[in-house]
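Visitor: Structure below; questions to follow.
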Amino acid sequence: MSLSTEHHEHRDHDEQSAAAVTVIGLGPMGRALAGAFLDAGVRTTVWNRTPGRDRELVERGAIRASSAEEAVAASGLTVVCVVNYGAVDAILRPDAVAGALKGRTVVNLTADTPDRARETAAWAAEHGVRYLDGAIMTPTGTIGTPDAVLLFSGPEELYREHRSVLDALGGTHTHLGERICRAAAYDIALLDIFWTAMAGFNHALAVARAEGISAGELAPFAAGIGAILPAIFTEVAAEVDAGTFSDEGSPVTSTASTMAHVIETSEAHGIDAGVMRAAEGLARQAIGLGHGAEGFHRVVELLGRQRV
Ligand code: NDP
């Protein structure tokens, strides 16, 4: 398996100018992708289920396709970015579109599950469509700038073939290996971190407000909590891979106790503490299984054991 990270600076502008891409899906992200291709001088054809979303792109030089079939036939490379893989199926699977895609490449930057990525790759293989899966890890405003982060998985040869055009999207992109589901799997794991963190942050703001602390007052201290996380992630990851669970100064017994304080304070204000109750439940489970002196990351193993 190879892991290669490519940087925006290395893009070959001449190759991009000679290239053509179709962008299907013109929500906020699809429009950002198409805009970045246009800025890089790539011949860009666009299509969206609901007409009218392409107006600004067409003014900037994009070619409007009148159907999905016409759109995919316009370029050797189609980038699709819609709400989920159900929408991808609705657009690409009709016979006329699938037929037009035969021998061409689809790069699917739609977010969904690893299973859906595998299914879509199987469908593509059956229909002679060359397929790369991908995930976008940063917001629309980053696309085409050094801050964009994109993940790809699938045939490395295909990735290399289209890399110079994909460079137009900016920032860093990483090919995570040939297994098609890897980009989606990374995406899911990273979204797991992001949304549980955001649930925690929003909950903290509600509890703080109930205690008379404004969001603005808490924010600098919240940022301080965010700043200690990268080093903790690195340490915990090394331990989890090594199968060790040292307490790093805070055994699970102590962790469960601080979690209980959050629950007690929240509920005293009538604020739901379901997310923290779930976390505390995991800590208590670890203690019940005799791991009370270890670190909270023991729960990684406990959660893994619950797999059916
Ligand atoms: P949405 O997730 O809202 O997707 C909107 C697009 O999906 C539109 O083109 C819409 O077409 C299309 N669509 C929805 N349902 C269907 C359907 N049944 N058939 C055909 N097309 C359909 O907006 P975004 O553009 O923001 O996101 C696109 C993808 O990018 C998502 O998977 C998202 O998770 C991912 N992403 C987005 C980020 C962001 O910051 N916005 C960041 C990282 C990833 P129509 O206009 O006709 O409704």
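Each chain in the structure tokens gets a letter, A, B, ..., in the order shown, and its residues are numbered from 1; ligands are numbered from 1 in order too.
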Find the residues near ligand 1. Use a cut-off of 9 Å, count only C-alpha atoms and all ligand atoms, and write them as a PyMOL selection string.

Guide: chain A and resi 24-32+47-53+80-91+109-112+135-142

Visitor: Give me the residues near Leu38 (chain A) as a PyMOL selection string, where near means some atom within 9 Å (using only C-alpha atoms) and where sequence neighbours in that chain fewer than 3 positions away do not count.

Guide: chain A and resi 33-35+41-44+57+60-62+168

Visitor: Go ahead and write the residues just picked, C-alpha atoms, as a compact mmCIF listing (two decimals), in the first residue's frame.

Guide:
```txt
# COMPACT_ATOMS: atom_id res chain seq x y z
CA LEU A 33 -14.98 22.48 -6.82
CA ALA A 34 -16.11 23.70 -10.23
CA GLY A 35 -14.91 27.22 -9.40
CA GLY A 41 -7.90 26.95 -16.40
CA VAL A 42 -9.42 23.47 -16.64
CA ARG A 43 -12.20 23.13 -19.24
CA THR A 44 -15.14 22.57 -16.88
CA LEU A 57 -20.11 29.27 -12.99
CA ARG A 60 -17.04 32.43 -15.31
CA GLY A 61 -16.60 30.13 -18.32
CA ALA A 62 -18.12 26.78 -17.32
CA ALA A 168 -6.53 22.46 -8.89
```

Visitor: Skipping near chain neighbours, those fewer than 4 positions away, what residues fall within 9 Å of Ser254 (chain A) using only C-alpha atoms, listed as a PyMOL selection string?

Guide: chain A and resi 250+258-259+292-293

Visitor: By how many Å are CA of Ala74 (chain A) and CA of Arg55 (chain A) apart?

Guide: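 Atom-to-atom, CA of Ala74 (chain A) to CA of Arg55 (chain A), that is 18.6 Å.
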
Visitor: Taking only region 27-225 of chain A into account, list the residues labelled alpha helix (DSSP H) by DSSP (computed from the backbone), as a ChimeraX atom specification.

Guide: /A:28-39,55-59,68-73,85-92,95-101,114-126,156-166,182-210,215-225
